[in-house]
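Next comes query10.cif, a file with mmCIF, C-alpha atoms.
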```cif
data_protein
loop_
_atom_site.label_atom_id
_atom_site.label_comp_id
_atom_site.auth_asym_id
_atom_site.auth_seq_id
_atom_site.Cartn_x
_atom_site.Cartn_y
_atom_site.Cartn_z
CA MET D 1 48.44 43.86 202.07
CA SER D 2 46.76 43.61 198.63
CA ASN D 3 46.05 47.35 198.62
CA LEU D 4 49.78 48.16 198.43
CA LEU D 5 51.60 48.41 195.09
CA GLN D 6 55.40 48.43 194.91
CA PHE D 7 57.64 50.09 192.34
CA SER D 8 61.35 50.78 192.04
CA GLY D 9 63.29 53.75 190.68
CA HIS D 10 62.71 57.47 190.22
CA GLN D 11 61.32 57.17 186.66
CA HIS D 12 57.55 57.74 186.20
CA PHE D 13 57.38 59.12 189.77
CA ARG D 14 54.63 61.67 189.09
CA THR D 15 52.21 59.41 187.22
CA ARG D 16 52.46 56.71 189.89
CA LEU D 17 51.59 59.21 192.62
CA VAL D 18 48.60 60.47 190.58
CA LEU D 19 47.33 56.92 189.93
CA SER D 20 47.70 56.11 193.63
CA ILE D 21 45.65 59.14 194.71
CA LEU D 22 42.93 58.52 192.10
CA SER D 23 42.64 54.77 192.74
CA GLY D 24 42.99 55.05 196.53
CA LYS D 25 45.69 52.34 196.53
CA HIS D 26 48.78 52.74 198.70
CA VAL D 27 52.04 52.89 196.80
CA LYS D 28 55.61 52.20 197.88
CA ILE D 29 58.46 53.38 195.65
CA ASP D 30 61.96 52.25 196.62
CA LYS D 31 65.49 52.27 195.12
CA ILE D 32 65.12 55.98 194.23
CA ARG D 33 68.59 56.74 192.79
CA SER D 34 70.09 54.25 195.28
CA GLU D 35 73.20 53.79 193.07
CA ASP D 36 73.69 57.53 192.55
CA LYS D 37 76.51 59.58 194.14
CA ASN D 38 73.75 61.73 195.59
CA PRO D 39 71.06 59.14 196.44
CA GLY D 40 67.39 59.71 197.20
CA LEU D 41 64.71 62.24 196.28
CA ARG D 42 65.62 65.54 194.66
CA ASP D 43 64.26 68.86 195.96
CA PHE D 44 61.67 69.10 193.16
CA GLU D 45 60.30 65.63 193.97
CA VAL D 46 59.97 66.47 197.66
CA SER D 47 58.27 69.75 196.70
CA LEU D 48 55.80 67.83 194.50
CA LEU D 49 54.97 65.55 197.45
CA ARG D 50 54.34 68.64 199.60
CA LEU D 51 52.08 70.09 196.88
CA LEU D 52 50.08 66.85 196.64
CA GLU D 53 49.77 66.96 200.43
CA LYS D 54 48.27 70.48 200.17
CA VAL D 55 45.82 69.52 197.41
CA THR D 56 44.63 66.43 199.30
CA ASN D 57 43.34 65.91 202.82
CA GLY D 58 44.51 63.02 204.98
CA THR D 59 47.31 61.87 202.70
CA VAL D 60 50.18 60.24 204.62
CA ILE D 61 53.63 60.37 203.05
CA GLU D 62 56.52 58.54 204.70
CA ILE D 63 60.04 59.12 203.37
CA SER D 64 62.90 56.85 204.46
CA VAL D 65 65.91 58.30 206.31
CA THR D 66 68.11 58.10 203.21
CA GLY D 67 65.33 59.44 200.97
CA THR D 68 65.57 56.41 198.65
CA ALA D 69 62.10 55.03 199.49
CA ILE D 70 58.65 56.57 200.01
CA LEU D 71 55.28 55.23 201.08
CA LEU D 72 52.14 57.15 200.05
CA LYS D 73 48.75 56.48 201.65
CA PRO D 74 46.30 58.61 199.63
CA GLY D 75 43.56 60.72 201.19
CA VAL D 76 40.70 62.77 199.75
CA ILE D 77 41.41 65.18 196.86
CA PHE D 78 40.27 68.42 198.50
CA GLY D 79 41.20 71.44 196.34
CA GLY D 80 40.29 74.99 197.41
CA ALA D 81 42.52 78.09 197.25
CA LEU D 82 46.20 77.15 197.55
CA ALA D 83 49.63 78.66 196.91
CA HIS D 84 52.94 76.88 196.41
CA ASP D 85 56.54 77.96 195.81
CA CYS D 86 58.29 75.70 193.29
CA PRO D 87 62.06 75.08 193.58
CA LEU D 88 64.07 76.44 190.66
CA SER D 89 65.46 73.04 189.65
CA ARG D 90 62.35 72.35 187.49
CA SER D 91 59.75 74.59 185.89
CA ILE D 92 56.13 75.07 186.97
CA GLY D 93 55.08 72.59 184.25
CA TYR D 94 56.59 69.71 186.26
CA TYR D 95 54.36 70.47 189.26
CA ILE D 96 51.15 71.42 187.48
CA GLU D 97 50.92 68.44 185.08
CA PRO D 98 49.98 65.95 187.84
CA ILE D 99 47.69 68.55 189.44
CA ILE D 100 45.79 68.98 186.12
CA MET D 101 45.09 65.22 186.21
CA LEU D 102 43.70 65.42 189.77
CA ALA D 103 41.98 68.83 189.76
CA PRO D 104 38.62 67.84 188.16
CA PHE D 105 38.07 65.32 190.97
CA CYS D 106 38.55 67.70 193.91
CA LYS D 107 35.96 68.30 196.62
CA GLN D 108 36.03 72.06 195.98
CA PRO D 109 37.05 73.94 192.80
CA LEU D 110 40.83 74.34 192.76
CA GLN D 111 42.46 77.79 192.71
CA LEU D 112 46.19 77.18 192.71
CA THR D 113 48.90 79.85 192.56
CA LEU D 114 52.38 78.60 191.68
CA GLN D 115 55.61 80.61 191.69
CA GLY D 116 58.88 79.66 189.99
CA ILE D 117 60.24 79.16 186.46
CA THR D 118 57.54 79.35 183.76
CA THR D 119 59.50 77.91 180.79
CA ASP D 120 62.39 75.46 180.66
CA GLU D 121 63.67 72.78 178.30
CA TYR D 122 62.48 69.73 180.27
CA ASP D 123 58.77 70.29 180.96
CA LEU D 124 55.78 71.83 179.22
CA SER D 125 55.83 75.63 179.34
CA VAL D 126 52.91 77.54 180.81
CA ASP D 127 51.99 78.75 177.29
CA LEU D 128 51.49 75.20 176.03
CA LEU D 129 49.66 74.23 179.22
CA ARG D 130 47.25 77.11 178.65
CA THR D 131 46.74 76.75 174.89
CA VAL D 132 47.03 72.97 174.41
CA THR D 133 46.69 70.99 177.66
CA LEU D 134 43.51 72.71 178.88
CA PRO D 135 41.66 72.23 175.53
CA HIS D 136 42.45 68.49 175.90
CA LEU D 137 40.55 68.52 179.20
CA GLN D 138 37.60 70.15 177.41
CA LEU D 139 37.29 67.01 175.26
CA PHE D 140 36.11 65.25 178.43
CA GLY D 141 33.51 67.85 179.40
CA ILE D 142 35.72 69.82 181.83
CA SER D 143 35.35 73.38 180.59
CA ASP D 144 33.26 75.85 182.63
CA GLY D 145 35.64 78.12 184.53
CA LEU D 146 38.78 76.22 183.46
CA GLU D 147 41.65 78.65 183.00
CA LEU D 148 45.34 79.30 183.50
CA ARG D 149 46.53 82.89 183.95
CA ILE D 150 50.15 83.89 183.48
CA LYS D 151 50.69 86.72 185.98
CA LYS D 152 54.49 86.94 185.66
CA ARG D 153 57.04 85.22 183.49
CA GLY D 154 60.13 83.62 184.98
CA ALA D 155 63.04 82.41 182.86
CA PRO D 156 65.70 80.06 184.26
CA PRO D 157 67.85 80.14 186.37
CA GLU D 158 66.35 82.70 188.79
CA GLY D 159 62.66 82.29 187.90
CA GLY D 160 60.34 84.82 189.50
CA GLY D 161 57.29 83.76 187.46
CA GLU D 162 53.76 83.31 188.77
CA ILE D 163 50.69 81.57 187.38
CA GLN D 164 47.18 80.91 188.61
CA PHE D 165 45.34 77.71 187.69
CA ILE D 166 41.57 77.52 188.18
CA CYS D 167 39.70 74.25 187.61
CA PRO D 168 36.04 73.35 188.19
CA VAL D 169 34.98 70.02 189.71
CA VAL D 170 33.04 67.41 187.74
CA LYS D 171 31.03 64.40 188.82
CA GLN D 172 32.22 62.22 185.96
CA VAL D 173 34.26 62.67 182.78
CA LYS D 174 32.73 61.98 179.37
CA THR D 175 33.67 59.05 177.15
CA LEU D 176 36.03 60.08 174.36
CA ASN D 177 35.54 59.15 170.71
CA PHE D 178 38.24 61.02 168.82
CA VAL D 179 39.38 59.20 165.69
CA GLU D 180 39.38 61.77 162.87
CA PRO D 181 42.69 63.70 162.67
CA GLY D 182 41.40 66.05 159.93
CA LYS D 183 43.62 68.49 158.03
CA ILE D 184 45.71 71.27 159.54
CA LYS D 185 43.86 74.56 159.05
CA ARG D 186 45.76 77.09 161.13
CA ILE D 187 48.97 77.67 163.05
CA ARG D 188 49.17 79.88 166.13
CA GLY D 189 52.13 80.79 168.30
CA ILE D 190 53.36 82.89 171.18
CA ALA D 191 56.85 84.38 171.26
CA HIS D 192 58.04 86.05 174.44
CA ALA D 193 61.25 87.78 175.42
CA VAL D 194 61.92 88.93 178.98
CA ARG D 195 64.80 91.08 180.20
CA VAL D 196 66.36 91.05 176.71
CA ASN D 197 65.89 93.24 173.64
CA PRO D 198 62.13 93.13 172.81
CA GLN D 199 63.12 92.80 169.15
CA PHE D 200 64.11 89.20 169.89
CA SER D 201 60.49 88.02 169.84
CA ASN D 202 60.05 89.51 166.33
CA ARG D 203 63.20 87.71 165.17
CA LEU D 204 61.81 84.42 166.56
CA ILE D 205 58.57 84.97 164.65
CA GLU D 206 60.24 85.89 161.35
CA SER D 207 62.57 82.89 161.32
CA SER D 208 59.81 80.38 162.15
CA ARG D 209 57.55 81.95 159.50
CA SER D 210 60.26 81.33 156.89
CA ILE D 211 59.44 77.60 157.24
CA LEU D 212 55.73 77.71 158.14
CA ASN D 213 54.68 80.06 155.31
CA ARG D 214 55.42 77.32 152.77
CA TYR D 215 52.57 75.17 154.05
CA ILE D 216 49.58 77.24 155.09
CA PRO D 217 48.44 80.87 154.86
CA ASP D 218 46.53 81.10 158.17
CA ILE D 219 49.42 81.75 160.55
CA TYR D 220 49.23 84.16 163.46
CA LEU D 221 52.25 84.41 165.75
CA TYR D 222 51.74 86.68 168.71
CA SER D 223 54.49 88.60 170.47
CA ASP D 224 53.89 88.60 174.22
CA VAL D 225 55.58 91.45 176.05
CA TYR D 226 56.13 91.52 179.81
CA LYS D 227 57.83 94.51 181.41
CA GLY D 228 59.40 95.37 184.74
CA ASN D 229 58.40 93.22 187.68
CA GLU D 230 56.20 90.96 185.53
CA SER D 231 59.18 89.74 183.50
CA GLY D 232 60.81 87.79 186.35
CA LYS D 233 64.43 87.81 187.47
CA SER D 234 66.39 86.31 184.55
CA PRO D 235 66.72 87.06 180.84
CA GLY D 236 65.32 84.57 178.32
CA TYR D 237 63.06 84.09 175.33
CA ALA D 238 61.03 81.24 173.85
CA LEU D 239 58.60 80.38 171.06
CA SER D 240 55.59 78.08 171.51
CA LEU D 241 53.75 76.91 168.39
CA LEU D 242 50.54 74.98 167.86
CA ALA D 243 48.85 73.64 164.74
CA GLU D 244 45.10 73.10 164.83
CA SER D 245 43.18 70.84 162.45
CA THR D 246 39.64 70.95 161.06
CA THR D 247 38.57 68.45 163.76
CA SER D 248 40.17 70.48 166.61
CA VAL D 249 43.26 68.29 166.89
CA ILE D 250 46.15 70.30 168.37
CA HIS D 251 49.84 69.53 167.77
CA CYS D 252 52.39 71.63 169.62
CA SER D 253 56.10 72.35 169.91
CA GLU D 254 58.37 74.85 171.59
CA ALA D 255 61.96 75.97 171.70
CA ILE D 256 63.68 78.08 174.31
CA SER D 257 66.77 80.30 174.42
CA LYS D 258 70.15 78.73 175.12
CA PRO D 259 73.45 80.55 175.72
CA GLY D 260 75.20 81.50 172.50
CA ILE D 261 72.31 80.55 170.19
CA ALA D 262 70.64 83.26 168.08
CA PRO D 263 66.84 83.82 168.23
CA GLU D 264 66.63 82.84 164.52
CA ASP D 265 67.89 79.33 165.32
CA VAL D 266 65.41 78.98 168.20
CA GLY D 267 62.56 79.97 165.85
CA LEU D 268 63.68 77.43 163.24
CA GLU D 269 63.99 74.72 165.89
CA ALA D 270 60.40 75.30 167.07
CA ALA D 271 59.03 75.30 163.51
CA ARG D 272 60.85 72.05 162.59
CA ALA D 273 59.70 70.40 165.81
CA LEU D 274 56.09 71.36 164.96
CA MET D 275 56.45 69.89 161.46
CA SER D 276 57.78 66.57 162.81
CA GLU D 277 54.93 66.46 165.36
CA VAL D 278 52.32 67.05 162.62
CA ASN D 279 54.05 64.41 160.49
CA LEU D 280 53.49 61.79 163.23
CA GLY D 281 49.77 62.49 162.94
CA GLY D 282 47.02 61.20 165.20
CA CYS D 283 44.49 63.17 167.24
CA VAL D 284 46.73 63.80 170.27
CA ASP D 285 50.38 64.83 170.23
CA ARG D 286 53.08 62.92 172.13
CA LYS D 287 53.24 65.36 175.05
CA HIS D 288 49.58 64.74 175.94
CA GLN D 289 49.20 61.00 175.38
CA ILE D 290 49.26 60.20 179.10
CA LEU D 291 46.67 62.84 180.08
CA VAL D 292 44.21 61.67 177.41
CA LEU D 293 44.71 57.96 178.14
CA LEU D 294 44.19 58.54 181.88
CA MET D 295 40.93 60.42 181.27
CA MET D 296 39.79 57.61 178.95
CA VAL D 297 40.38 55.10 181.77
CA LEU D 298 38.38 57.28 184.18
CA GLY D 299 35.55 57.78 181.66
CA SER D 300 31.99 56.48 182.02
CA GLU D 301 31.39 52.76 181.56
CA ASP D 302 31.59 52.72 177.80
CA VAL D 303 34.26 52.13 175.17
CA GLY D 304 36.48 55.19 174.63
CA ARG D 305 38.44 55.45 171.37
CA CYS D 306 41.28 57.72 170.32
CA CYS D 307 43.66 57.78 167.37
CA MET D 308 47.31 58.58 168.19
CA SER D 309 50.81 57.99 166.92
CA GLU D 310 53.05 55.32 168.43
CA PRO D 311 53.34 55.45 172.23
CA THR D 312 56.45 57.02 173.76
CA PRO D 313 58.44 54.95 176.31
CA ARG D 314 56.75 57.00 179.07
CA THR D 315 53.31 56.16 177.69
CA ILE D 316 54.15 52.44 177.46
CA GLN D 317 55.13 52.36 181.15
CA PHE D 318 52.03 54.39 182.04
CA LEU D 319 49.79 51.81 180.34
CA ARG D 320 51.46 49.06 182.40
CA ASP D 321 50.96 51.06 185.61
CA VAL D 322 47.29 51.75 184.77
CA LYS D 323 46.71 48.01 184.50
CA GLN D 324 48.12 47.55 188.01
CA PHE D 325 46.16 50.39 189.60
CA PHE D 326 42.81 50.14 187.78
CA GLY D 327 42.95 46.73 186.07
CA THR D 328 42.21 48.41 182.72
CA SER D 329 43.93 47.26 179.53
CA PHE D 330 43.95 49.09 176.21
CA LYS D 331 43.36 47.51 172.84
CA ILE D 332 45.85 49.08 170.41
CA VAL D 333 45.47 48.35 166.68
CA PRO D 334 46.63 50.15 163.51
CA THR D 335 43.89 52.33 162.01
CA GLU D 336 44.68 50.94 158.54
CA SER D 337 47.05 48.22 157.38
CA GLY D 338 50.55 49.65 157.03
CA SER D 339 49.60 52.90 158.81
CA SER D 340 51.70 54.37 161.63
CA GLN D 341 48.48 55.65 163.22
CA LEU D 342 47.20 53.53 166.09
CA LEU D 343 43.68 53.30 167.49
CA TYR D 344 43.66 53.10 171.31
CA SER D 345 40.44 51.85 172.86
CA CYS D 346 39.51 50.91 176.42
CA TYR D 347 36.46 50.32 178.58
CA GLY D 348 36.09 53.19 181.08
CA THR D 349 36.05 52.38 184.80
CA GLY D 350 33.06 54.71 185.40
CA TYR D 351 35.09 56.72 187.95
CA VAL D 352 32.74 58.97 189.94
CA ASN D 353 33.99 61.96 191.92
CA THR D 354 32.73 60.99 195.38
CA ASN D 355 34.69 63.85 196.96
CA ARG D 356 32.56 66.52 195.29
CA ALA D 357 30.78 68.82 197.72
CA LEU D 358 27.05 68.56 197.00
CA VAL D 359 25.59 71.96 196.20
#
```
Structure re-expressed in structure tokens:
Amino acid sequence: MSNLLQFSGHQHFRTRLVLSILSGKHVKIDKIRSEDKNPGLRDFEVSLLRLLEKVTNGTVIEISVTGTAILLKPGVIFGGALAHDCPLSRSIGYYIEPIIMLAPFCKQPLQLTLQGITTDEYDLSVDLLRTVTLPHLQLFGISDGLELRIKKRGAPPEGGGEIQFICPVVKQVKTLNFVEPGKIKRIRGIAHAVRVNPQFSNRLIESSRSILNRYIPDIYLYSDVYKGNESGKSPGYALSLLAESTTSVIHCSEAISKPGIAPEDVGLEAARALMSEVNLGGCVDRKHQILVLLMMVLGSEDVGRCCMSEPTPRTIQFLRDVKQFFGTSFKIVPTESGSSQLLYSCYGTGYVNTNRALV
């Protein structure tokens, strides 16, 4: 069966499912933690499969008895108004990242409500998703009515957060030509503290400013206060930072509270992480390489170009997977001799959203 692609292992699970649904090719993933003491899929992976089943129509997912192999036969990306409860083992960012990649190609505009943990140390927090990930979608002409609302915050381990993601449908995404990194012109940030002393968010801001003030005057760090029921079930605080350039390039970083670590240290950690991200340069930061490259592959039949830093191991595997699903290869060359900046270019597949309900 030429329409079936086979992979092994639990790594890169989400991107392979997304590529399968977009390309319409069946995918079989086996040897999922087969050597582990506790083999098979984890609860968050099963929950993601259930969420993809809700977002699509006619998708068939078969999981083996031991849970170490799955077969996915993709259906139509449907959308509509949906709600999903996310297990507390991973934050909402884990579940919504693949959905953001699929949402523009739904049949109906997506209105998704997710409940769970809003910020953790493994995945993108809802603040970065709202302030950084969604503007990356706007580069491809997906903007009218695109928003993410944070209704309640939920810190680990108990969660209790809630967000609403609204995404319009498009017929086709635009070709990207994004090669000028520009100069950093402003830094913005959001500090939040829930179920702890509200002064903590001010301490986060002051300590991160002690580093950031040396570089640029236009810094605005916002203290986000949630009270009572809206602050979730567990105490916690975090700082999300983003640096924007003259050409609308956005670099981001974040740091979250850990037991026994003062808010000042969390603020310093976020500021240093932002500096190292800016130092890498490029037009897209490391956390969003995969999203931008995927949209370039799906772009109209023209050459898309984007300047980025070196690919992360995740991005390298994603580029290999894209070649298997869509047959698209990227040309990656240094922007200048001796530069760490790389220019990624590919010929778009001209992907058209055939699911879209005709108005």
Apply the PyMOL selection byres ((chain D and resi 310) around 9) to the displayed file and report the matching residues as a PyMOL selection string.
-> chain D and resi 280+286+308-309+311-312+340-342
List, as a list in words, every residue that the PyMOL selection byres ((chain D and resi 267) around 7) selects in the file provided.
->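 On this input, the PyMOL selection byres ((chain D and resi 267) around 7) captures Leu204, Ile205, Ser207, Ser208, Leu239, Pro263, Glu264, Asp265, Val266, Leu268, Glu269, Ala270 and Ala271 of chain D.
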Explicit residue set for the PyMOL selection byres ((chain D and resi 49) around 12), as JSON, numbers by chain = {"D": [13, 14, 16, 17, 18, 21, 41, 42, 43, 44, 45, 46, 47, 48, 50, 51, 52, 53, 54, 55, 56, 59, 60, 61, 62, 63, 70, 71, 72, 73, 74, 84, 86, 95, 98, 99]}
What separation in Å, quoted to one decimal, exists between atom CA of Tyr220 of chain D and atom CA of Gly189 of chain D?
->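 So the two atoms, atom CA of Tyr220 of chain D and atom CA of Gly189 of chain D, lie 6.6 Å apart.
Comparing D:Leu176, D:Leu294, D:Val194, D:Val352 by their smallest distance to Asn229 of chain D, the closest is D:Val194 (using only C-alpha atoms).
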Can you tell me, as a PyMOL selection string, what residues are no more than 7 Å from Cys283 of chain D when counting all atoms listed in the file, ignoring any on the same chain fewer than 3 positions away?
-> chain D and resi 178-181+249+307-308
Would you tabulate, counting only C-alpha atoms, all residues of segment 260-334 of chain D that have an atom at most 12 Å from an atom of segment 125-136 of chain D, showing the closest pair of atoms and their distance in Å to one decimal, sorted by chain then ascending number, as a Markdown table?
```
| residue | atom | partner | partner_atom | distance |
| --- | --- | --- | --- | --- |
| D:Cys283 | CA | D:His136 | CA | 10.4 |
| D:Val284 | CA | D:His136 | CA | 8.5 |
| D:Asp285 | CA | D:Val132 | CA | 9.7 |
| D:Arg286 | CA | D:Thr133 | CA | 11.7 |
| D:Lys287 | CA | D:Thr133 | CA | 9.0 |
| D:His288 | CA | D:Thr133 | CA | 7.1 |
| D:Gln289 | CA | D:His136 | CA | 10.1 |
| D:Ile290 | CA | D:Thr133 | CA | 11.2 |
| D:Leu291 | CA | D:His136 | CA | 8.2 |
| D:Val292 | CA | D:His136 | CA | 7.2 |
| D:Leu293 | CA | D:His136 | CA | 11.0 |
| D:Leu294 | CA | D:His136 | CA | 11.7 |
| D:Met295 | CA | D:His136 | CA | 9.8 |
| D:Met296 | CA | D:His136 | CA | 11.6 |
```
Box time for segment 111-130 of chain D: axis-aligned, enclosing all its listed atoms, 6 Å extra on each side; report centre and edge lengths in Å to one decimal, as lines of an AutoDock Vina configuration file.
```
center_x = 53.1
center_y = 75.2
center_z = 184.4
size_x = 33.2
size_y = 22.9
size_z = 28.7
```
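For the pair atom CA of Arg314 of chain D and atom CA of Thr335 of chain D, the separation is 21.9 Å.
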Among D:Ile261, D:Gly282, D:Phe140, D:Gly182, Ser339 of chain D is approached most closely, using only C-alpha atoms, by D:Gly282
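Within the 10 Å cut-off around Pro157 of chain D, using all atoms listed in the file and omitting residues fewer than 3 positions from it on the same chain, the listed residues are Leu88, Ser89, Arg90, Ser91, Gly116, Ile117, Asp120, Gly154, Gly160, Lys233, Ser234, Pro235 and Gly236 of chain D.
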Of D:Arg186, D:Ser240, D:Ile166, D:His192, the one nearest to Ile219 of chain D when counting all atoms listed in the file is D:Arg186
Please provide as a list in words all residues within 7 Å of Thr175 of chain D, with the sequence filter that same-chain residues fewer than 2 positions apart are discarded (counting only C-alpha atoms).
->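 That gives Phe140, Val173, Asn177, Met296, Gly299, Ser300, Asp302 and Gly304 of chain D.
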Distance criterion (only C-alpha atoms): nearest to Cys252 of chain D out of D:Asp224, D:Glu336, D:Glu277, D:Glu158 | D:Glu277
How many Å lie between atom CA of Gly80 of chain D and atom CA of Val170 of chain D, rounded to one decimal?
->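 Separation of atom CA of Gly80 of chain D and atom CA of Val170 of chain D: 14.3 Å.
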Can you tell me, as a short mmCIF file (atom, residue, chain, number, x, y, z; two decimals) with C-alpha atoms, in the frame of the given file, what residues are no more than 10 Å from segment 121-123 of chain D when counting all atoms listed in the file, ignoring any on the same chain fewer than 6 positions away?
```cif
data_model
loop_
_atom_site.label_atom_id
_atom_site.label_comp_id
_atom_site.auth_asym_id
_atom_site.auth_seq_id
_atom_site.Cartn_x
_atom_site.Cartn_y
_atom_site.Cartn_z
CA ARG D 90 62.35 72.35 187.49
CA SER D 91 59.75 74.59 185.89
CA ILE D 92 56.13 75.07 186.97
CA GLY D 93 55.08 72.59 184.25
CA TYR D 94 56.59 69.71 186.26
CA TYR D 95 54.36 70.47 189.26
CA GLU D 97 50.92 68.44 185.08
CA PRO D 156 65.70 80.06 184.26
CA ALA D 238 61.03 81.24 173.85
CA GLU D 254 58.37 74.85 171.59
CA ALA D 255 61.96 75.97 171.70
CA ILE D 256 63.68 78.08 174.31
CA SER D 257 66.77 80.30 174.42
CA LYS D 258 70.15 78.73 175.12
CA LYS D 287 53.24 65.36 175.05
#
```
Excluding same-chain residues fewer than 2 positions from Ile332 of chain D, what lies within 9 Å of it counting all atoms listed in the file, as a PDB file with C-alpha atoms, keeping the file's coordinate frame?
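In the end it all went to out.pdb:
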```pdb
ATOM      1  CA  PHE D 330      43.950  49.090 176.210  1.00  0.00           C
ATOM      2  CA  PRO D 334      46.630  50.150 163.510  1.00  0.00           C
ATOM      3  CA  LEU D 342      47.200  53.530 166.090  1.00  0.00           C
ATOM      4  CA  LEU D 343      43.680  53.300 167.490  1.00  0.00           C
ATOM      5  CA  TYR D 344      43.660  53.100 171.310  1.00  0.00           C
ATOM      6  CA  SER D 345      40.440  51.850 172.860  1.00  0.00           C
ATOM      7  CA  CYS D 346      39.510  50.910 176.420  1.00  0.00           C
TER       8      CYS D 346
END
```
Select, from D:Cys167, D:Leu139, D:Phe78, D:Lys323, the residue with the minimum atom-to-atom distance to Leu112 of chain D, counting only C-alpha atoms.
->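 Distance minimum relative to Leu112 of chain D lands on D:Cys167.
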